[in-house]
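*Asks:* I have a structure I would like to understand better, so I am pasting it below and will then ask my questions one at a time.
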Amino acid sequence: MTDAVPENQSDSLSVPWIDTVRFVRQLSHDLRNHLNAIELQSAYIGELDASAELKGEIKRLREMISELSAVLQKLTGLGEVKPNLISYRASDFVEDLRKTIAREFPNESAEITWDIQAGDAVVNVDPQLLQQAFSEIFANAFQHDRDKGALIATAQSDRKRFVFSLREPKTRFELSTENWGREPFRRITHGHYGLGLNRARIIMEAHDGEMHAEYDPKDSTLLTTLTLPLSRGG
């Protein structure tokens with residue numbers, strides 16, 4: 001006779017986050033290797049004597065492979081980061097960020113109002129990594145239930161901190177901001193896996209910075225704030 005299974009016993013499996021990260025990154029790496037091989041093979045086929053129609057289909061196939069590789073690339077951003085820090089004027093960083101946003105979001109960048117008052121503040125940052133984090137904040141604003149009206153990007157500094165904030169109009173907002181950026185995979189849609197804000201938070205914390213969000217239902221705005229300590233030499 002088989003023993004009865006207790007009603008409160010769960011079949012769910014608890015996997016440590018670090019093991020999940022290791023698995024996802026390795027799986028992404030392996031799949032991208034296979035996609036690279038497929039892309040090379042399709043490029044070879046495209047060089048063979050083929051009709052214009054077939055060459056067009058091969059070109060579209062390579063574009064699909066490239067898009068899938070880009071999706072898998074997002075998954076490699078899981079886990080800790082190790083920034084290579086350099087001294088950087090905060091105002092220069094924001095100006096470089098403006099150029100990045102204009103390039104990555106050419107249709108939406110005109111809807112941003114910039115207010116830069118960072119002065120001569122200096123921060124120790126990895127510019128490439130930090131731009132990834134800031135760009136994700138803008139991407140998140142452009143993609144999720146944004147209302148009409150400009151996004152207000154403000155950069156300023158005091159004696160100890162560089163503070164960047166993004167204010168976006170948002171009438172509909174039902175999420176909690178208590179664990180903002182700390183819940184990967186919570187919201188999953190086609191092509192989006194809830195990893196962007198988590199990646200941004202990881203990057204900020206690797207710079208001894210912070211990321212917070214607060215929703216004001218009276219003004220119907222979501223305020224995201226990123227802070228960094230100033231360089232001691234700055």
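Labels for the structure tokens follow display order: chains A, B, ..., residues from 1 in each chain, ligands from 1.
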Among region 2-234 of chain A, which ones does DSSP assign to strand (DSSP E or B) (computed from the backbone)? Answer as a VMD selection string.
*Replies:* chain A and resid 86 to 89 112 to 117 122 to 125 151 to 157 161 to 169 189 192 210 to 216 221 to 230
*Asks:* Can you list, as number ranges by chain, every protein, DNA or RNA residue that comes within 8 Å of Ile112 (chain A) when you count only C-alpha atoms, leaving out same-chain residues fewer than 4 positions away?
*Replies:* A: 108, 150-153
*Asks:* Could the residues in this selection be saved with C-alpha atoms as a PDB file, in the first residue's frame?
*Replies:*
```
ATOM      1  CA  GLU A 108      10.686  59.145 -29.451  1.00  0.00           C
ATOM      2  CA  ALA A 150       6.817  64.976 -22.661  1.00  0.00           C
ATOM      3  CA  LEU A 151       9.211  62.918 -20.577  1.00  0.00           C
ATOM      4  CA  ILE A 152      11.139  65.187 -18.215  1.00  0.00           C
ATOM      5  CA  ALA A 153      14.774  64.157 -17.726  1.00  0.00           C
TER       6      ALA A 153
END
```
*Asks:* Write down as a list in words the residues belonging to region 163-231 of chain A that are assigned helix (DSSP H, G or I) by DSSP computed on the backbone.
*Replies:* Gly196, Leu197, Asn198, Arg199, Ala200, Arg201, Ile202, Ile203, Met204, Glu205 and Ala206 of chain A
*Asks:* Skip Phe138 (chain A) itself and residues of its chain fewer than 2 positions away, then list as an MDAnalysis selection string all residues within 10 Å of it, counting only C-alpha atoms.
*Replies:* chainID A and resid 101 105 108:109 112 133:136 140:143 151 153 166 168 224
*Asks:* Got a sec: who's within 8 Å of Ile86 (chain A), counting only C-alpha atoms, leaving out chain neighbours fewer than 2 positions off, as a ChimeraX atom specification?
*Replies:* /A:84,88,124-126
*Asks:* Skipping near chain neighbours, those fewer than 6 positions away, what residues fall within 9 Å of Leu130 (chain A) using only C-alpha atoms, listed as number ranges by chain?
*Replies:* A: 83, 200, 203-204, 207
*Asks:* If you keep N, CA and C atoms, can you produce a file of those selected residues as a compact mmCIF listing (two decimals), in the first residue's frame?
*Replies:*
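What follows is the written file result.txt:
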```txt
# COMPACT_ATOMS: atom_id res chain seq x y z
N PRO A 83 32.20 46.59 -13.26
CA PRO A 83 32.51 47.80 -14.02
C PRO A 83 33.99 48.16 -13.97
N ALA A 200 19.36 47.08 -14.96
CA ALA A 200 19.69 48.47 -14.62
C ALA A 200 20.02 48.61 -13.14
N ILE A 203 23.48 47.16 -12.37
CA ILE A 203 24.54 48.07 -12.83
C ILE A 203 24.70 49.24 -11.87
N MET A 204 23.57 49.83 -11.44
CA MET A 204 23.62 50.96 -10.53
C MET A 204 24.28 50.56 -9.21
N HIS A 207 27.91 50.32 -9.12
CA HIS A 207 28.56 51.63 -9.05
C HIS A 207 28.33 52.30 -7.69
```
*Asks:* Nearest residue to Gly119 (chain A) out of A:Gln41, A:Arg172, A:His212, A:Ser91, using only C-alpha atoms?
*Replies:*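 For Gly119 (chain A), the nearest of the candidates is A:Ser91.
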*Asks:* Counting only C-alpha atoms, figure out which residue out of A:Lys99, A:Leu72, A:Ile65, A:Pro16 gets nearest to Asp30 (chain A).
*Replies:* A:Leu72
*Asks:* Pick from A:Thr20, A:Met211, A:Gly149, A:Glu205: nearest to Thr177 (chain A), with only C-alpha atoms counted?
*Replies:* A:Met211
*Asks:* Considering only C-alpha atoms, state which residue in the set A:Asp158, A:Glu104, A:Glu111, A:Asp219 is at the smallest distance from Gln132 (chain A).
*Replies:*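 Ranked by minimum distance to Gln132 (chain A), first place goes to A:Glu104.
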*Asks:* Name all residues at most 10 Å from Ala155 (chain A) (count only C-alpha atoms; drop same-chain ones fewer than 5 positions away) and give them as a PyMOL selection string.
*Replies:* chain A and resi 90-91+94+114-119+162-166+225-227
